[in-house]
file entry.tsv (TSV, C-alpha atoms)
chain	number	residue	atom	x	y	z
K	532	MET	CA	-44.40	22.72	-1.39
K	533	TYR	CA	-44.27	25.96	0.65
K	534	GLN	CA	-47.56	27.00	-0.86
K	535	HIS	CA	-49.16	23.91	0.63
K	536	VAL	CA	-47.65	24.24	4.10
K	537	ALA	CA	-48.35	27.99	4.21
K	538	TYR	CA	-51.99	27.47	3.30
K	539	ARG	CA	-52.41	24.57	5.72
K	540	THR	CA	-50.91	26.62	8.53
K	541	ALA	CA	-53.12	29.59	7.73
K	542	TYR	CA	-56.18	27.36	7.57
K	543	LEU	CA	-55.46	25.64	10.87
K	544	LEU	CA	-54.89	28.99	12.53
K	545	THR	CA	-58.06	30.61	11.15
K	546	GLY	CA	-60.43	27.73	10.36
K	547	SER	CA	-61.61	29.59	7.30
K	548	ALA	CA	-60.69	28.81	3.69
K	549	ALA	CA	-61.17	32.40	2.58
K	550	ASP	CA	-59.10	33.84	5.45
K	551	ALA	CA	-56.44	31.18	4.92
K	552	GLU	CA	-56.10	31.96	1.24
K	553	ASP	CA	-55.92	35.65	1.96
K	554	ALA	CA	-53.40	35.19	4.78
K	555	ALA	CA	-51.16	32.81	2.80
K	556	GLN	CA	-51.20	35.10	-0.20
K	557	SER	CA	-50.31	38.18	1.86
K	558	ALA	CA	-47.65	36.20	3.66
K	559	PHE	CA	-45.92	35.27	0.39
K	560	VAL	CA	-46.02	38.88	-0.74
K	561	LYS	CA	-44.56	40.03	2.58
K	562	ALA	CA	-41.99	37.25	2.54
K	563	TRP	CA	-40.95	38.37	-0.91
K	564	ARG	CA	-40.45	41.92	0.29
K	565	ALA	CA	-38.68	40.76	3.41
K	566	LEU	CA	-36.30	38.49	1.49
K	567	PRO	CA	-33.34	40.83	1.86
K	568	ARG	CA	-33.70	40.44	5.65
K	569	PHE	CA	-33.76	36.66	5.45
K	570	ARG	CA	-30.50	35.33	6.79
K	571	SER	CA	-28.95	33.11	4.18
K	572	GLY	CA	-28.61	29.58	5.51
K	573	ALA	CA	-31.31	29.99	8.19
K	574	PRO	CA	-34.20	27.52	8.01
K	575	PHE	CA	-36.72	28.93	5.57
K	576	ARG	CA	-39.90	27.18	6.70
K	577	PRO	CA	-40.21	28.66	10.22
K	578	TRP	CA	-39.30	32.06	8.82
K	579	LEU	CA	-42.12	31.85	6.28
K	580	LEU	CA	-44.59	30.32	8.72
K	581	ARG	CA	-44.00	33.11	11.21
K	582	ILE	CA	-45.16	35.58	8.57
K	583	VAL	CA	-48.11	33.28	7.79
K	584	ALA	CA	-49.07	33.01	11.49
K	585	ASN	CA	-48.93	36.75	11.83
K	586	GLU	CA	-51.13	37.26	8.79
K	587	ALA	CA	-53.53	34.61	10.08
K	588	ALA	CA	-53.76	36.42	13.44
K	589	ASN	CA	-54.56	39.65	11.59
K	590	ARG	CA	-57.38	37.92	9.70
K	591	ARG	CA	-58.74	36.42	12.90
K	592	ARG	CA	-58.74	39.80	14.56
K	593	GLY	CA	-60.35	41.29	11.45
K	594	SER	CA	-63.22	38.83	11.39
K	595	GLY	CA	-63.42	38.74	15.20
K	596	ARG	CA	-63.83	34.99	15.35
K	597	LEU	CA	-61.95	31.77	15.09
K	598	ALA	CA	-63.87	29.35	12.88
K	599	ALA	CA	-64.27	25.74	14.03
K	600	LEU	CA	-62.15	23.03	12.43
K	601	ARG	CA	-63.95	20.01	10.98
K	602	LEU	CA	-63.12	16.39	10.31
K	603	ARG	CA	-62.77	15.13	6.77
K	604	ALA	CA	-65.87	13.22	5.67
K	605	ALA	CA	-63.76	10.09	5.12
K	606	ALA	CA	-62.32	10.37	8.63
K	607	ALA	CA	-65.70	10.89	10.28
K	608	VAL	CA	-67.34	8.00	8.42
K	609	PRO	CA	-65.06	4.98	8.66
K	610	SER	CA	-64.82	2.68	5.65
K	611	GLY	CA	-65.86	-0.91	6.29
K	612	ASP	CA	-62.87	-2.86	5.02
K	613	ALA	CA	-60.01	-1.90	7.26
K	614	ALA	CA	-62.11	-1.35	10.38
K	615	PRO	CA	-61.41	-3.79	13.20
K	616	SER	CA	-65.06	-3.72	14.25
K	617	PRO	CA	-67.91	-1.32	13.42
K	618	GLU	CA	-68.40	-0.51	17.10
K	619	GLY	CA	-64.74	0.10	17.77
K	620	GLU	CA	-64.48	2.33	14.74
K	621	ALA	CA	-67.62	4.25	15.67
K	622	LEU	CA	-66.28	4.80	19.18
K	623	ALA	CA	-62.96	5.95	17.80
K	624	GLY	CA	-64.86	8.31	15.50
K	625	LEU	CA	-66.81	9.65	18.43
K	626	ARG	CA	-63.60	10.22	20.37
K	627	ARG	CA	-62.13	12.09	17.43
K	628	GLU	CA	-65.21	14.28	17.18
K	629	GLU	CA	-65.24	14.90	20.89
K	630	LEU	CA	-61.57	15.74	20.89
K	631	LEU	CA	-61.98	18.11	17.96
K	632	ALA	CA	-64.97	19.78	19.61
K	633	ALA	CA	-62.81	20.31	22.69
K	634	VAL	CA	-60.01	21.76	20.54
K	635	ASN	CA	-62.53	24.09	18.91
K	636	ARG	CA	-63.61	25.29	22.36
K	637	LEU	CA	-60.06	26.23	23.33
K	638	GLY	CA	-59.09	29.85	23.47
K	639	GLU	CA	-57.18	31.34	20.59
K	640	ARG	CA	-53.72	30.98	22.16
K	641	ASP	CA	-54.25	27.40	23.27
K	642	ARG	CA	-55.58	26.39	19.90
K	643	GLU	CA	-52.67	28.07	18.15
K	644	ILE	CA	-50.25	26.00	20.19
K	645	VAL	CA	-52.15	22.76	19.55
K	646	ALA	CA	-52.26	23.52	15.82
K	647	CYS	CA	-48.53	24.23	15.65
K	648	ARG	CA	-47.28	21.40	17.83
K	649	PHE	CA	-49.65	18.57	16.92
K	650	PHE	CA	-51.51	19.38	13.69
K	651	LEU	CA	-48.54	20.91	11.90
K	652	GLY	CA	-45.94	18.82	13.69
K	653	LEU	CA	-43.64	21.75	14.44
K	654	SER	CA	-40.95	21.31	17.09
K	655	GLU	CA	-40.97	23.44	20.21
K	656	ALA	CA	-38.23	25.60	18.78
K	657	GLU	CA	-40.06	26.04	15.46
K	658	THR	CA	-43.31	26.81	17.25
K	659	ALA	CA	-41.55	29.42	19.38
K	660	HIS	CA	-40.17	31.05	16.25
K	661	VAL	CA	-43.45	30.88	14.33
K	662	LEU	CA	-45.54	32.31	17.18
K	663	ASP	CA	-42.80	34.72	18.21
K	664	VAL	CA	-42.70	33.61	21.84
K	665	ARG	CA	-40.05	32.08	24.07
K	666	ARG	CA	-39.52	28.36	24.06
K	667	GLY	CA	-40.53	28.24	27.74
K	668	THR	CA	-43.83	29.89	26.79
K	669	VAL	CA	-44.42	27.18	24.19
K	670	LYS	CA	-43.83	24.54	26.85
K	671	SER	CA	-46.15	26.15	29.40
K	672	ARG	CA	-48.88	26.92	26.89
K	673	THR	CA	-48.71	23.39	25.51
K	674	ALA	CA	-49.04	21.97	29.01
K	675	ARG	CA	-51.97	24.25	29.73
K	676	ALA	CA	-53.78	23.42	26.47
K	677	LEU	CA	-53.26	19.68	27.04
K	678	ALA	CA	-54.55	19.98	30.61
K	679	ARG	CA	-57.69	21.71	29.38
K	680	LEU	CA	-58.29	19.11	26.69
K	681	ARG	CA	-57.64	16.28	29.11
K	682	GLU	CA	-60.17	17.77	31.49
K	683	GLU	CA	-62.82	18.03	28.79
K	684	VAL	CA	-62.30	14.74	26.98
K	685	LEU	CA	-61.08	12.31	29.55
K	686	GLU	CA	-63.37	13.21	32.41
H	1189	MET	CA	-45.71	11.54	24.09
H	1190	SER	CA	-48.97	10.93	25.97
H	1191	ASP	CA	-52.05	9.23	24.54
H	1192	LEU	CA	-53.70	12.60	24.26
H	1193	GLU	CA	-50.78	14.02	22.30
H	1194	ARG	CA	-50.81	11.00	20.00
H	1195	ALA	CA	-54.57	11.40	19.54
H	1196	LEU	CA	-54.05	15.06	18.62
H	1197	VAL	CA	-51.41	14.17	16.04
H	1198	ALA	CA	-53.80	11.59	14.55
H	1199	LEU	CA	-56.60	14.14	14.62
H	1200	GLY	CA	-54.40	16.55	12.69
H	1201	GLY	CA	-54.26	14.04	9.84
H	1202	GLU	CA	-58.02	13.75	9.75
H	1203	LEU	CA	-58.93	17.40	9.66
H	1204	ASP	CA	-60.81	18.72	6.71
H	1205	VAL	CA	-58.26	21.12	5.25
H	1206	PRO	CA	-59.22	22.31	1.78
H	1207	ASP	CA	-56.62	21.81	-0.95
H	1208	ALA	CA	-54.33	24.79	-1.21
H	1209	PRO	CA	-55.45	27.04	-4.05
H	1210	ASP	CA	-52.79	28.05	-6.54
H	1211	LEU	CA	-51.54	31.20	-4.91
H	1212	ALA	CA	-48.75	31.84	-7.38
H	1213	PRO	CA	-50.60	33.90	-10.02
H	1214	ARG	CA	-52.04	36.38	-7.55
H	1215	VAL	CA	-48.87	36.58	-5.51
H	1216	LEU	CA	-46.84	37.22	-8.64
H	1217	ALA	CA	-49.36	39.84	-9.76
H	1218	ARG	CA	-49.00	41.60	-6.42
H	1219	ILE	CA	-45.21	41.59	-6.38
H	1220	ALA	CA	-44.82	42.67	-9.98
H	1221	PRO	CA	-43.33	46.13	-10.00
H	1222	ARG	CA	-45.50	48.99	-11.14
H	1223	PRO	CA	-43.46	50.37	-13.98
H	1224	ARG	CA	-42.60	54.01	-13.98
H	1225	ARG	CA	-42.49	55.65	-17.35
H	1226	GLU	CA	-38.71	55.58	-17.59
H	1227	LEU	CA	-38.52	51.94	-16.60
H	1228	ARG	CA	-41.30	51.08	-18.98
H	1229	ARG	CA	-39.21	52.47	-21.80
H	1230	LEU	CA	-36.30	50.29	-20.71
H	1231	GLY	CA	-38.64	47.32	-20.59
H	1232	LEU	CA	-39.79	48.11	-24.07
H	1233	ALA	CA	-36.21	48.23	-25.28
H	1234	ALA	CA	-35.59	44.82	-23.76
H	1235	ALA	CA	-38.76	43.50	-25.36
H	1236	LEU	CA	-37.51	44.76	-28.69
H	1237	VAL	CA	-34.21	42.97	-28.21
H	1238	LEU	CA	-36.13	39.79	-27.50
H	1239	LEU	CA	-38.35	40.35	-30.51
H	1240	ALA	CA	-35.30	40.88	-32.70
H	1241	ALA	CA	-33.84	37.63	-31.39
H	1242	LEU	CA	-37.16	35.94	-32.01
H	1243	ALA	CA	-37.40	37.30	-35.54
H	1244	ALA	CA	-33.89	36.11	-36.28
H	1245	THR	CA	-34.54	32.63	-35.00
H	1246	LEU	CA	-37.94	32.30	-36.64
H	1247	ALA	CA	-36.21	31.96	-39.97
H	1248	ILE	CA	-34.82	28.61	-38.87
H	1249	PRO	CA	-37.23	25.65	-38.67
H	1250	ASP	CA	-38.12	24.73	-35.10
H	1251	ALA	CA	-36.20	27.72	-33.88
H	1252	ARG	CA	-39.24	29.10	-32.15
H	1253	SER	CA	-39.62	26.08	-29.95
H	1254	ALA	CA	-35.87	26.12	-29.35
H	1255	LEU	CA	-36.17	29.68	-28.16
H	1256	LEU	CA	-39.06	28.82	-25.89
H	1257	ARG	CA	-37.05	25.99	-24.43
H	1258	ALA	CA	-34.13	28.30	-24.04
H	1259	LEU	CA	-36.23	30.62	-21.97
H	1260	HIS	CA	-36.80	27.82	-19.51
H	1261	VAL	CA	-33.22	26.95	-18.83
H	1262	GLY	CA	-32.62	24.86	-15.76
H	1263	GLY	CA	-36.29	24.55	-14.91
H	1264	ALA	CA	-36.47	28.26	-14.33
H	1265	THR	CA	-38.00	30.89	-16.53
H	1266	VAL	CA	-36.03	33.96	-17.36
H	1267	GLU	CA	-38.22	36.99	-17.08
H	1268	LEU	CA	-37.30	40.53	-17.80
H	1269	VAL	CA	-38.59	42.86	-15.14
H	1270	ASP	CA	-38.36	46.56	-14.51
H	1271	GLU	CA	-36.95	46.24	-11.05
H	1272	LEU	CA	-35.16	43.36	-9.45
H	1273	PRO	CA	-36.03	42.58	-5.87
H	1274	GLU	CA	-33.43	43.98	-3.58
H	1275	VAL	CA	-30.73	41.48	-2.81
H	1276	ARG	CA	-28.33	42.26	-0.06
H	1277	ALA	CA	-25.01	42.91	-1.69
H	1278	ASP	CA	-22.71	40.66	0.22
H	1279	ALA	CA	-19.08	41.52	0.11
H	1280	ALA	CA	-18.17	38.06	1.32
H	1281	LEU	CA	-18.89	35.78	-1.58
H	1282	GLU	CA	-17.34	32.70	-0.14
H	1283	PRO	CA	-19.77	31.87	2.69
H	1284	LYS	CA	-22.67	32.11	0.24
H	1285	LEU	CA	-21.26	29.44	-2.00
H	1286	GLY	CA	-21.46	26.77	0.66
H	1287	LEU	CA	-19.02	24.31	2.05
H	1288	ALA	CA	-15.48	24.38	0.69
H	1289	VAL	CA	-14.55	20.91	-0.55
H	1290	SER	CA	-12.03	19.36	-2.90
H	1291	LEU	CA	-13.04	18.63	-6.47
H	1292	GLU	CA	-12.85	14.92	-5.66
H	1293	GLU	CA	-15.18	15.34	-2.69
H	1294	ALA	CA	-17.62	17.33	-4.78
H	1295	ARG	CA	-17.54	14.65	-7.47
H	1296	ALA	CA	-18.07	11.89	-4.95
H	1297	GLY	CA	-21.02	13.60	-3.27
H	1298	ALA	CA	-22.75	15.38	-6.13
H	1299	GLY	CA	-24.85	12.56	-7.52
H	1300	PHE	CA	-24.16	13.76	-11.06
H	1301	ASP	CA	-21.10	14.15	-13.24
H	1302	VAL	CA	-19.37	17.34	-12.19
H	1303	ARG	CA	-17.68	18.81	-15.24
H	1304	THR	CA	-14.81	21.28	-15.41
H	1305	PRO	CA	-13.89	23.66	-18.20
H	1306	GLU	CA	-10.32	23.56	-19.55
H	1307	GLU	CA	-8.50	23.77	-16.25
H	1308	GLU	CA	-9.02	22.63	-12.69
H	1309	PRO	CA	-10.81	25.18	-10.48
H	1310	ASP	CA	-8.98	27.04	-7.73
H	1311	ARG	CA	-11.76	26.39	-5.23
H	1312	VAL	CA	-14.80	24.16	-5.07
H	1313	TYR	CA	-17.92	24.53	-2.93
H	1314	VAL	CA	-21.09	22.55	-2.46
H	1315	ASP	CA	-24.19	24.29	-1.16
H	1316	ASN	CA	-27.18	22.85	0.64
H	1317	ARG	CA	-29.17	22.65	-2.58
H	1318	GLY	CA	-26.64	20.35	-4.16
H	1319	THR	CA	-25.18	23.00	-6.42
H	1320	VAL	CA	-21.49	22.51	-7.07
H	1321	TRP	CA	-19.62	25.79	-7.50
H	1322	LEU	CA	-16.25	25.96	-9.24
H	1323	LEU	CA	-14.37	29.14	-8.59
H	1324	TYR	CA	-11.45	30.33	-10.68
H	1325	GLY	CA	-9.28	33.04	-9.23
H	1326	SER	CA	-9.94	33.90	-5.60
H	1327	PRO	CA	-13.16	34.80	-3.79
H	1328	GLU	CA	-11.95	38.40	-3.83
H	1329	ARG	CA	-11.08	38.37	-7.50
H	1330	VAL	CA	-13.27	35.91	-9.33
H	1331	ARG	CA	-12.27	35.22	-12.90
H	1332	LEU	CA	-14.90	32.63	-13.57
H	1333	LEU	CA	-17.65	31.04	-11.54
H	1334	VAL	CA	-19.28	27.84	-12.71
H	1335	ALA	CA	-22.45	26.56	-11.06
H	1336	GLN	CA	-23.82	23.09	-11.69
H	1337	THR	CA	-27.20	22.38	-10.16
H	1338	PRO	CA	-29.00	19.07	-10.29
H	1339	ARG	CA	-32.19	20.16	-11.89
H	1340	HIS	CA	-34.72	18.65	-9.56
H	1341	THR	CA	-33.83	21.04	-6.81
H	1342	ILE	CA	-34.90	23.91	-9.01
H	1343	ASP	CA	-37.90	22.21	-10.55
H	1344	GLN	CA	-39.53	21.51	-7.23
H	1345	ALA	CA	-39.37	25.12	-6.19
H	1346	LEU	CA	-42.59	27.02	-6.25
H	1347	PHE	CA	-41.40	30.32	-7.54
H	1348	ALA	CA	-38.18	29.27	-9.17
H	1349	LYS	CA	-37.54	31.77	-11.83
H	1350	LYS	CA	-34.75	33.91	-12.99
H	1351	LEU	CA	-35.31	37.59	-13.09
H	1352	ALA	CA	-33.19	39.73	-15.29
H	1353	ALA	CA	-33.27	43.50	-15.20
H	1354	SER	CA	-34.81	45.05	-18.25
H	1355	GLY	CA	-31.49	46.39	-19.48
H	1356	THR	CA	-30.09	42.91	-19.76
H	1357	ARG	CA	-29.52	41.53	-23.20
H	1358	VAL	CA	-30.80	37.99	-23.54
H	1359	GLU	CA	-29.65	35.92	-26.48
H	1360	PRO	CA	-30.71	32.35	-27.15
H	1361	VAL	CA	-27.62	30.30	-27.95
H	1362	ASP	CA	-26.78	26.76	-28.90
H	1363	VAL	CA	-24.46	25.17	-26.35
H	1364	GLY	CA	-23.20	22.02	-28.03
H	1365	GLY	CA	-26.73	21.14	-29.14
H	1366	ALA	CA	-28.41	22.17	-25.90
H	1367	ALA	CA	-30.58	25.27	-25.74
H	1368	GLY	CA	-29.01	28.02	-23.71
H	1369	LEU	CA	-29.13	31.70	-22.98
H	1370	TYR	CA	-26.38	34.26	-22.97
H	1371	LEU	CA	-27.08	37.25	-20.76
H	1372	SER	CA	-25.05	40.39	-20.94
H	1373	GLY	CA	-25.29	44.11	-20.61
H	1374	GLN	CA	-26.85	45.36	-17.44
H	1375	PRO	CA	-24.84	44.90	-14.29
H	1376	HIS	CA	-26.70	43.34	-11.34
H	1377	PHE	CA	-28.92	41.58	-13.72
H	1378	LEU	CA	-29.88	38.14	-12.62
H	1379	VAL	CA	-31.45	36.67	-9.54
H	1380	LEU	CA	-32.62	33.14	-9.08
H	1381	LEU	CA	-35.52	33.15	-6.69
H	1382	ASP	CA	-36.07	29.82	-5.17
H	1383	GLU	CA	-39.48	29.10	-3.60
H	1384	LEU	CA	-39.56	32.73	-2.53
H	1385	GLY	CA	-36.63	31.90	-0.35
H	1386	ASP	CA	-32.96	32.03	-0.30
H	1387	PRO	CA	-31.65	33.91	-3.31
H	1388	VAL	CA	-28.71	31.50	-3.46
H	1389	GLU	CA	-27.94	31.85	-7.08
H	1390	ASP	CA	-27.98	35.58	-7.39
H	1391	SER	CA	-25.35	37.21	-9.46
H	1392	ALA	CA	-25.87	40.58	-7.91
H	1393	ARG	CA	-22.46	40.11	-6.33
H	1394	LEU	CA	-20.53	39.63	-9.49
H	1395	ALA	CA	-22.53	41.35	-12.15
H	1396	ARG	CA	-20.75	39.67	-15.00
H	1397	ASN	CA	-21.97	38.09	-18.15
H	1398	VAL	CA	-23.70	34.77	-17.82
H	1399	LEU	CA	-24.17	31.71	-19.97
H	1400	LEU	CA	-26.96	29.36	-18.90
H	1401	TRP	CA	-27.87	26.01	-20.27
H	1402	ASP	CA	-29.40	22.80	-19.28
H	1403	GLU	CA	-28.09	19.38	-20.19
H	1404	GLY	CA	-28.73	15.88	-18.91
H	1405	GLY	CA	-30.78	17.06	-15.95
H	1406	VAL	CA	-28.16	19.52	-14.74
H	1407	ALA	CA	-28.46	23.30	-15.00
H	1408	TYR	CA	-25.14	24.96	-15.83
H	1409	ARG	CA	-24.20	28.53	-15.33
H	1410	LEU	CA	-20.94	30.20	-16.29
H	1411	GLU	CA	-20.36	33.67	-15.00
H	1412	GLY	CA	-17.38	35.86	-15.69
H	1413	ARG	CA	-15.83	38.57	-17.74
H	1414	PHE	CA	-16.14	36.95	-21.12
H	1415	ASP	CA	-17.90	37.64	-24.36
H	1416	ARG	CA	-20.37	35.27	-25.93
H	1417	ASP	CA	-17.86	33.38	-28.06
H	1418	ARG	CA	-15.49	32.88	-25.15
H	1419	ALA	CA	-18.40	31.71	-22.97
H	1420	LEU	CA	-19.42	29.16	-25.60
H	1421	GLU	CA	-15.81	28.06	-25.94
H	1422	LEU	CA	-15.58	27.52	-22.18
H	1423	ALA	CA	-18.86	25.62	-22.23
H	1424	ALA	CA	-17.66	23.42	-25.07
H	1425	SER	CA	-14.47	22.65	-23.12
H	1426	MET	CA	-16.37	21.27	-20.15
H	1427	ARG	CA	-15.62	17.62	-19.51

call {"tool": "encode", "arguments": {"input": "entry.tsv", "output": "structure tokens"}}
result
Amino acid sequence: MYQHVAYRTAYLLTGSAADAEDAAQSAFVKAWRALPRFRSGAPFRPWLLRIVANEAANRRRGSGRLAALRLRAAAAVPSGDAAPSPEGEALAGLRREELLAAVNRLGERDREIVACRFFLGLSEAETAHVLDVRRGTVKSRTARALARLREEVLE
Amino acid sequence: MSDLERALVALGGELDVPDAPDLAPRVLARIAPRPRRELRRLGLAAALVLLAALAATLAIPDARSALLRALHVGGATVELVDELPEVRADAALEPKLGLAVSLEEARAGAGFDVRTPEEEPDRVYVDNRGTVWLLYGSPERVRLLVAQTPRHTIDQALFAKKLAASGTRVEPVDVGGAAGLYLSGQPHFLVLLDELGDPVEDSARLARNVLLWDEGGVAYRLEGRFDRDRALELAASMR
């Protein structure tokens, strides 16, 4: 369960399968060693994900780039049955691709926030803990990232 | 939530995220202690104890599989290691056991039949993993601690395993027909690591002898100053 969420987080924060695997693996090893400092009764997931996010940032800095995220093949090519209309579905697909392209163009910090808040579904408080910033910073960065996306996609 | 935020959430579900590879083997390989010569000797001694136990049980038909089952008590594997991960020795046992409740409340909320040995416990706790703890004596002077854990909470854990220090003696035992393990010897000998997380069920605090078994989907653990026969007697008395 944690293996899955750790890997997903690392992948969304690096965009690279190899970096994600490396980051998740190192994070578990570090988490293991840091266990004595884990406060019993505290939520475990944000604690682990903070270590994962840190490892992911190290990998990103190491490789010097943030790889682009992609849509699943099944999501990009809509299946016929459930689609309301081929045109509608194609347009929706286009929007998704446009939106993703805009996300991929975001700076590292903005994309991190988008990944945490919307792709991983973390709360503001969890995101603040995972990214090691204040809750107010999460709010302002989220607003900034959304404004940039809105500008790019909805213009 | 704005349309854009909703669209981002939907987009998150459609991203091509590769399936998580199985990280466990490499993580476990990296956290395994590098044995020093002295510790290796201790490990060898423990291996010999296990081998002796194995040899003894091999004489009985199906004993080998019984032993293998016994080593997986409560959905967790008992592994002998040279060094246990450091667990903060917590003087205050009570807060770690969870919420103090009455035996009736524990029974009503547990979702399984909470059993008690011989006498009623002095205190009862329920932790956030559903483990019911029966404490005999006082938190400061524990005579006997009984943990009953609905098994699924352990089974779902990624790294659930019990680590015993290499000086611990591990004996497969029969607990009323169920396969169990009796652990004795080394103090500070057993830690249950749950999904690399909260070492809830560590016995580093008490460092007593332990009887573990697994019956009807519930993992049982008795911990106290008893010998093997007394532990089995207590287990047999559980109703």

call {"tool": "closest_residue", "arguments": {"input": "entry.tsv", "among": "H:Leu1399, H:Leu1371, H:Ala1198, H:Val1312", "to": "chain K", "atoms": "all atoms listed in the file"}}
result
H:Ala1198

call {"tool": "residues_around", "arguments": {"input": "entry.tsv", "residues": "Glu1359 in chain H", "least_positions_apart": "2", "cutoff": "7 Å", "atoms": "all atoms listed in the file", "output": "ChimeraX atom specification"}}
result
/H:1241,1357,1361,1369-1371

call {"tool": "atom_distance", "arguments": {"input": "entry.tsv", "atom1": "CA of Pro574 in chain K", "atom2": "CA of Ser1326 in chain H"}}
result
28.5 Å

call {"tool": "atom_distance", "arguments": {"input": "entry.tsv", "atom1": "CA of Val1363 in chain H", "atom2": "CA of Ala1288 in chain H"}}
result
28.5 Å

call {"tool": "residues_around", "arguments": {"input": "entry.tsv", "residues": "Ala598 in chain K", "least_positions_apart": "5", "cutoff": "12 Å", "atoms": "all atoms listed in the file", "output": "VMD selection string"}}
result
chain K and resid 541 to 551 587 590 to 592 632 634 to 639 642

call {"tool": "residues_near_point", "arguments": {"input": "entry.tsv", "point": "(-52.0, 21.6, 4.5)", "cutoff": "12 Å", "atoms": "only C-alpha atoms", "output": "NGL selection string"}}
result
(:K and (532-544 or 546 or 548 or 551-552 or 555 or 646-647 or 650-652)) or (:H and (1200-1209))

call {"tool": "closest_residue", "arguments": {"input": "entry.tsv", "among": "H:Arg1295, H:Arg1331, H:Arg1194, H:Arg1409", "to": "Gly1368 in chain H", "atoms": "only C-alpha atoms"}}
result
H:Arg1409

call {"tool": "atom_distance", "arguments": {"input": "entry.tsv", "atom1": "CA of Ala562 in chain K", "atom2": "CA of Glu657 in chain K"}}
result
17.2 Å

call {"tool": "closest_residue", "arguments": {"input": "entry.tsv", "among": "H:Ala1407, H:Leu1199, H:Met1189, H:Ala1294", "to": "Ala633 in chain K", "atoms": "all atoms listed in the file"}}
result
H:Leu1199

call {"tool": "closest_residue", "arguments": {"input": "entry.tsv", "among": "K:Arg596, K:Arg681, K:Arg666, K:Arg672", "to": "chain H", "atoms": "all atoms listed in the file"}}
result
K:Arg681
